$ cat query14.txt   # compact mmCIF, C-alpha atoms
# COMPACT_ATOMS: atom_id res chain seq x y z
CA MET A 1 1.70 5.88 -30.68
CA ASN A 2 5.31 4.97 -29.89
CA ASN A 3 6.34 1.77 -28.10
CA ASP A 4 6.71 3.49 -24.71
CA GLY A 5 3.25 5.07 -25.06
CA GLU A 6 1.71 1.70 -25.94
CA ARG A 7 3.38 0.11 -22.92
CA LYS A 8 2.04 2.82 -20.60
CA LYS A 9 -1.43 2.44 -22.11
CA GLY A 10 -1.22 -1.32 -21.54
CA LEU A 11 -0.51 -0.73 -17.84
CA LEU A 12 -3.57 1.46 -17.31
CA LEU A 13 -6.15 -1.34 -17.12
CA PRO A 14 -4.31 -3.43 -14.50
CA ALA A 15 -3.53 -0.27 -12.52
CA LEU A 16 -7.19 0.75 -12.56
CA LEU A 17 -8.38 -2.77 -11.69
CA VAL A 18 -6.19 -2.98 -8.59
CA THR A 19 -7.87 0.24 -7.45
CA ILE A 20 -11.46 -0.12 -8.64
CA VAL A 21 -12.10 -3.70 -7.50
CA PRO A 22 -10.96 -3.17 -3.87
CA GLY A 23 -12.63 0.26 -3.85
CA ALA A 24 -15.95 -1.17 -5.03
CA ALA A 25 -15.72 -4.02 -2.52
CA THR A 26 -15.05 -1.58 0.33
CA VAL A 27 -17.89 0.74 -0.69
CA PHE A 28 -20.25 -2.25 -0.96
CA ALA A 29 -19.12 -3.53 2.46
CA ILE A 30 -19.69 -0.12 4.05
CA ILE A 31 -23.07 0.42 2.42
CA SER A 32 -24.29 -3.11 3.20
CA ARG A 33 -23.13 -2.78 6.83
CA ASN A 34 -22.58 -6.53 6.81
CA ILE A 35 -20.06 -7.15 9.61
CA LEU A 36 -18.72 -10.33 8.00
CA PHE A 37 -18.17 -8.64 4.63
CA LEU A 38 -16.62 -5.58 6.28
CA ASP A 39 -14.32 -7.88 8.25
CA TYR A 40 -13.27 -9.84 5.14
CA ASP A 41 -12.71 -6.65 3.18
CA HIS A 42 -10.64 -5.02 5.93
CA VAL A 43 -8.55 -8.11 6.72
CA LEU A 44 -8.01 -9.27 3.14
CA LEU A 45 -7.12 -5.84 1.78
CA GLY A 46 -4.86 -5.23 4.79
CA ALA A 47 -3.13 -8.59 4.29
CA ILE A 48 -2.52 -7.90 0.60
CA TRP A 49 -1.25 -4.40 1.38
CA THR A 50 1.10 -5.75 4.08
CA GLY A 51 2.27 -8.48 1.70
CA VAL A 52 3.11 -5.91 -0.96
CA ASP A 53 5.10 -3.93 1.61
CA VAL A 54 6.97 -7.06 2.73
CA PHE A 55 7.70 -7.90 -0.91
CA PHE A 56 9.07 -4.43 -1.66
CA GLY A 57 10.83 -4.07 1.69
CA ILE A 58 12.62 -7.42 1.68
CA ILE A 59 12.49 -9.39 -1.57
CA PHE A 60 12.55 -6.52 -4.07
CA ARG A 61 15.50 -4.92 -2.25
CA PHE A 62 17.76 -7.97 -2.60
CA VAL A 63 16.79 -8.71 -6.20
CA PHE A 64 17.34 -5.12 -7.34
CA LYS A 65 20.83 -4.96 -5.84
CA GLU A 66 22.03 -7.60 -8.30
CA VAL A 67 20.47 -6.57 -11.63
CA SER A 68 21.66 -4.17 -14.31
CA THR A 69 20.51 -0.57 -14.53
CA GLU A 70 18.53 -1.30 -17.68
CA THR A 71 16.70 -4.22 -16.03
CA ARG A 72 16.11 -2.17 -12.88
CA LEU A 73 14.60 0.67 -14.88
CA THR A 74 12.44 -1.63 -17.03
CA VAL A 75 11.04 -3.54 -14.06
CA ALA A 76 10.47 -0.37 -12.04
CA ARG A 77 8.64 1.35 -14.89
CA ARG A 78 6.46 -1.71 -15.52
CA MET A 79 5.59 -2.48 -11.92
CA LEU A 80 5.39 0.91 -10.25
CA PRO A 81 2.40 2.38 -12.14
CA ALA A 82 0.05 -0.27 -10.72
CA THR A 83 1.70 0.19 -7.33
CA LEU A 84 1.02 3.92 -7.57
CA PHE A 85 -2.68 3.16 -7.76
CA PHE A 86 -2.89 0.21 -5.36
CA LEU A 87 -0.84 1.40 -2.38
CA PRO A 88 -2.56 4.76 -1.85
CA ALA A 89 -5.96 3.13 -2.41
CA SER A 90 -5.27 0.31 0.04
CA SER A 91 -3.79 2.70 2.59
CA ILE A 92 -7.10 4.59 2.57
CA LEU A 93 -9.56 1.70 2.08
CA THR A 94 -8.12 -0.63 4.73
CA PRO A 95 -8.40 1.83 7.64
CA LEU A 96 -11.74 3.10 6.30
CA ALA A 97 -13.23 -0.40 6.34
CA GLY A 98 -11.61 -0.96 9.75
CA TYR A 99 -13.18 2.20 11.13
CA PHE A 100 -16.67 1.20 9.98
CA LEU A 101 -16.10 -2.33 11.28
CA ALA A 102 -14.96 -1.12 14.72
CA ASN A 103 -17.77 1.44 14.80
CA ASP A 104 -20.43 -1.16 13.90
CA GLU A 105 -19.04 -3.51 16.55
CA LYS A 106 -19.17 -0.61 19.05
CA ILE A 107 -15.49 -0.87 20.00
CA TRP A 108 -14.42 2.47 18.49
CA VAL A 109 -14.01 4.74 21.51
CA ILE A 110 -11.76 7.79 21.26
CA GLY A 111 -9.84 8.13 24.52
CA ASN A 112 -9.29 4.39 24.83
CA PRO A 113 -5.47 4.07 24.83
CA VAL A 114 -5.54 1.16 22.38
CA VAL A 115 -7.81 3.05 19.96
CA ASP A 116 -5.64 6.15 20.23
CA ALA A 117 -2.51 4.05 19.54
CA VAL A 118 -4.21 2.48 16.51
CA ILE A 119 -5.03 5.95 15.16
CA VAL A 120 -1.46 7.23 15.65
CA ILE A 121 0.18 4.14 14.12
CA ALA A 122 -2.30 4.09 11.21
CA LEU A 123 -1.50 7.73 10.46
CA LEU A 124 2.24 6.94 10.59
CA VAL A 125 1.75 4.01 8.20
CA VAL A 126 -0.18 6.14 5.69
CA LEU A 127 2.28 9.06 5.96
CA THR A 128 5.28 6.74 5.57
CA GLY A 129 3.71 5.25 2.45
CA LEU A 130 2.97 8.61 0.86
CA VAL A 131 6.43 10.06 1.53
CA THR A 132 8.67 7.05 0.92
CA ILE A 133 6.70 4.92 -1.55
CA PHE A 134 4.16 6.95 -3.48
CA TYR A 135 6.24 10.03 -4.28
CA PRO A 136 9.45 8.22 -5.40
CA SER A 137 7.33 5.71 -7.38
CA LEU A 138 5.64 8.59 -9.13
CA LEU A 139 9.02 10.11 -9.99
CA ILE A 140 10.20 6.80 -11.48
CA ALA A 141 6.95 6.09 -13.33
CA VAL A 142 6.84 9.48 -15.03
CA GLY A 143 10.60 10.03 -15.11
CA HIS A 144 12.76 10.41 -18.15
CA LYS A 145 13.96 7.38 -20.05
CA ASN A 146 17.61 8.28 -19.38
CA THR A 147 17.33 8.36 -15.59
CA ASP A 148 20.76 8.35 -13.98
CA ASP A 149 21.53 4.99 -12.30
CA SER A 150 22.40 6.61 -8.97
CA VAL A 151 19.09 8.52 -8.95
CA LEU A 152 17.18 5.34 -9.78
CA LYS A 153 19.04 3.38 -7.10
CA ASN A 154 18.32 6.10 -4.51
CA ARG A 155 14.62 6.21 -5.38
CA LEU A 156 14.27 2.43 -5.35
CA SER A 157 16.19 2.26 -2.08
CA LEU A 158 13.84 4.84 -0.57
CA ILE A 159 10.82 2.84 -1.79
CA CYS A 160 12.21 -0.41 -0.36
CA ASN A 161 13.17 1.21 2.96
CA GLY A 162 9.78 2.90 3.20
CA ALA A 163 8.00 -0.36 2.44
CA LEU A 164 10.04 -2.13 5.11
CA VAL A 165 9.24 0.55 7.71
CA GLN A 166 5.60 0.48 6.66
CA ALA A 167 5.49 -3.34 6.89
CA VAL A 168 6.97 -3.26 10.42
CA LEU A 169 4.45 -0.59 11.46
CA GLN A 170 1.61 -2.58 9.87
CA ILE A 171 2.62 -5.76 11.71
CA GLY A 172 2.66 -3.76 14.95
CA LEU A 173 -0.72 -2.29 14.06
CA ILE A 174 -2.15 -5.73 13.23
CA SER A 175 -0.90 -7.03 16.59
CA LEU A 176 -2.44 -4.09 18.41
CA MET A 177 -5.78 -4.50 16.60
CA ALA A 178 -5.83 -8.24 17.34
CA TYR A 179 -5.28 -7.45 21.03
CA TRP A 180 -7.98 -4.79 20.88
CA VAL A 181 -10.56 -7.09 19.26
CA VAL A 182 -9.86 -10.01 21.59
CA PHE A 183 -9.79 -8.01 24.82
CA SER A 184 -12.33 -5.24 24.12

$ encode --input "query14.txt" --output "structure tokens"
Amino acid sequence: MNNDGERKKGLLLPALLVTIVPGAATVFAIISRNILFLDYDHVLLGAIWTGVDVFFGIIFRFVFKEVSTETRLTVARRMLPATLFFLPASSILTPLAGYFLANDEKIWVIGNPVVDAVIVIALLVVLTGLVTIFYPSLLIAVGHKNTDDSVLKNRLSLICNGALVQAVLQIGLISLMAYWVVFS
């Protein structure tokens, strides 16, 4: 196996772990129907997901503007495979745990304006992530070694912009859910 193949193989375990561990925790929380565990799972996974988006949307953007193409490509290819697994998983698991939590607490009522707003914003967050983060990350992760610098910059810029939009939407969603829980 060549050096690039060994590197990709070495990234598989961390990428799988950042998907399997939260997935197993969410499934266990849903099956157990333990409100406290569901709450911890939903809040912790949501906080980590939002933190990743803030990191990509703010910190990653400024760091990547100043580094060489070679460094940019190396870091992107090393970091994005795990991101490809974690972000879609967290964007599904967090709302799933939240749905079961809200349902078990009997505050999930379609037609309630706050619930409807949560649904719309959550769908926007997931869609934004799939279009602006997942797809360009996939293109970088499986892309050719000799990716043009302008293409790489455009894809990374799209990822960072998407993460920033997603982080802003998530903070709005978190605020709305906090209001909903306190005043429901």

$ closest_residue --input "query14.txt" --among "A:Tyr135, A:Phe55, A:Phe100, A:Tyr40" --to "Gln166 of chain A" --atoms "all atoms listed in the file"
A:Phe55

$ residues_around --input "query14.txt" --residues "Thr69 of chain A" --least-positions-apart "2" --cutoff "9 Å" --atoms "only C-alpha atoms" --output "MDAnalysis selection string"
chainID A and resid 67 71:74 148:149 152:153

$ atom_distance --input "query14.txt" --atom1 "atom CA of Pro81 of chain A" --atom2 "atom CA of Pro14 of chain A"
9.2 Å

$ residues_around --input "query14.txt" --residues "Ile159 of chain A" --least-positions-apart "6" --cutoff "12 Å" --atoms "all atoms listed in the file" --output "PyMOL selection string"
chain A and resi 52-58+60-61+64+76+80+83-84+87+128-140+152-153+165-167

$ residues_around --input "query14.txt" --residues "segment 104-106 of chain A" --least-positions-apart "6" --cutoff "10 Å" --atoms "only C-alpha atoms" --output "PyMOL selection string"
chain A and resi 30+33-35+38+98+181+184

$ write_last_selection --input "query14.txt" --atoms "C-alpha atoms" --output "tab-separated table (two decimals), in the coordinates of the input"
chain	number	residue	atom	x	y	z
A	30	ILE	CA	-19.69	-0.12	4.05
A	33	ARG	CA	-23.13	-2.78	6.83
A	34	ASN	CA	-22.58	-6.53	6.81
A	35	ILE	CA	-20.06	-7.15	9.61
A	38	LEU	CA	-16.62	-5.58	6.28
A	98	GLY	CA	-11.61	-0.96	9.75
A	181	VAL	CA	-10.56	-7.09	19.26
A	184	SER	CA	-12.33	-5.24	24.12

$ decode --input "query14.txt" --residues "segment 44-63 of chain A" --atoms "N, CA and C atoms" --output "PDB file, in the first residue's frame"
ATOM      1  N   LEU A  44     -25.203  17.708  24.588  1.00  0.00           N
ATOM      2  CA  LEU A  44     -23.760  17.539  24.401  1.00  0.00           C
ATOM      3  C   LEU A  44     -23.402  17.386  22.925  1.00  0.00           C
ATOM      4  N   LEU A  45     -24.131  16.542  22.217  1.00  0.00           N
ATOM      5  CA  LEU A  45     -23.850  16.361  20.796  1.00  0.00           C
ATOM      6  C   LEU A  45     -24.109  17.660  20.029  1.00  0.00           C
ATOM      7  N   GLY A  46     -25.176  18.368  20.385  1.00  0.00           N
ATOM      8  CA  GLY A  46     -25.463  19.651  19.748  1.00  0.00           C
ATOM      9  C   GLY A  46     -24.386  20.689  20.029  1.00  0.00           C
ATOM     10  N   ALA A  47     -23.865  20.697  21.258  1.00  0.00           N
ATOM     11  CA  ALA A  47     -22.802  21.649  21.609  1.00  0.00           C
ATOM     12  C   ALA A  47     -21.517  21.346  20.843  1.00  0.00           C
ATOM     13  N   ILE A  48     -21.181  20.071  20.731  1.00  0.00           N
ATOM     14  CA  ILE A  48     -19.975  19.691  19.986  1.00  0.00           C
ATOM     15  C   ILE A  48     -20.146  20.051  18.512  1.00  0.00           C
ATOM     16  N   TRP A  49     -21.298  19.750  17.959  1.00  0.00           N
ATOM     17  CA  TRP A  49     -21.591  20.054  16.561  1.00  0.00           C
ATOM     18  C   TRP A  49     -21.505  21.562  16.312  1.00  0.00           C
ATOM     19  N   THR A  50     -22.099  22.361  17.199  1.00  0.00           N
ATOM     20  CA  THR A  50     -22.041  23.816  17.059  1.00  0.00           C
ATOM     21  C   THR A  50     -20.600  24.306  17.197  1.00  0.00           C
ATOM     22  N   GLY A  51     -19.852  23.716  18.125  1.00  0.00           N
ATOM     23  CA  GLY A  51     -18.446  24.085  18.291  1.00  0.00           C
ATOM     24  C   GLY A  51     -17.617  23.804  17.050  1.00  0.00           C
ATOM     25  N   VAL A  52     -17.872  22.675  16.416  1.00  0.00           N
ATOM     26  CA  VAL A  52     -17.163  22.343  15.175  1.00  0.00           C
ATOM     27  C   VAL A  52     -17.499  23.378  14.105  1.00  0.00           C
ATOM     28  N   ASP A  53     -18.763  23.758  14.015  1.00  0.00           N
ATOM     29  CA  ASP A  53     -19.160  24.768  13.032  1.00  0.00           C
ATOM     30  C   ASP A  53     -18.523  26.125  13.323  1.00  0.00           C
ATOM     31  N   VAL A  54     -18.461  26.507  14.590  1.00  0.00           N
ATOM     32  CA  VAL A  54     -17.806  27.767  14.951  1.00  0.00           C
ATOM     33  C   VAL A  54     -16.322  27.702  14.600  1.00  0.00           C
ATOM     34  N   PHE A  55     -15.689  26.559  14.892  1.00  0.00           N
ATOM     35  CA  PHE A  55     -14.274  26.382  14.567  1.00  0.00           C
ATOM     36  C   PHE A  55     -14.038  26.547  13.068  1.00  0.00           C
ATOM     37  N   PHE A  56     -14.810  25.827  12.258  1.00  0.00           N
ATOM     38  CA  PHE A  56     -14.643  25.918  10.811  1.00  0.00           C
ATOM     39  C   PHE A  56     -15.012  27.305  10.289  1.00  0.00           C
ATOM     40  N   GLY A  57     -16.112  27.864  10.811  1.00  0.00           N
ATOM     41  CA  GLY A  57     -16.623  29.123  10.297  1.00  0.00           C
ATOM     42  C   GLY A  57     -15.796  30.339  10.670  1.00  0.00           C
ATOM     43  N   ILE A  58     -15.081  30.284  11.783  1.00  0.00           N
ATOM     44  CA  ILE A  58     -14.318  31.454  12.216  1.00  0.00           C
ATOM     45  C   ILE A  58     -12.815  31.164  12.248  1.00  0.00           C
ATOM     46  N   ILE A  59     -12.400  30.236  13.075  1.00  0.00           N
ATOM     47  CA  ILE A  59     -10.968  29.996  13.283  1.00  0.00           C
ATOM     48  C   ILE A  59     -10.299  29.429  12.041  1.00  0.00           C
ATOM     49  N   PHE A  60     -10.857  28.371  11.499  1.00  0.00           N
ATOM     50  CA  PHE A  60     -10.292  27.687  10.340  1.00  0.00           C
ATOM     51  C   PHE A  60     -10.133  28.656   9.168  1.00  0.00           C
ATOM     52  N   ARG A  61     -11.115  29.519   8.978  1.00  0.00           N
ATOM     53  CA  ARG A  61     -11.112  30.491   7.883  1.00  0.00           C
ATOM     54  C   ARG A  61      -9.879  31.387   7.948  1.00  0.00           C
ATOM     55  N   PHE A  62      -9.589  31.941   9.124  1.00  0.00           N
ATOM     56  CA  PHE A  62      -8.468  32.872   9.251  1.00  0.00           C
ATOM     57  C   PHE A  62      -7.117  32.174   9.157  1.00  0.00           C
ATOM     58  N   VAL A  63      -7.027  30.978   9.709  1.00  0.00           N
ATOM     59  CA  VAL A  63      -5.773  30.226   9.632  1.00  0.00           C
ATOM     60  C   VAL A  63      -5.478  29.840   8.190  1.00  0.00           C
TER      61      VAL A  63
END
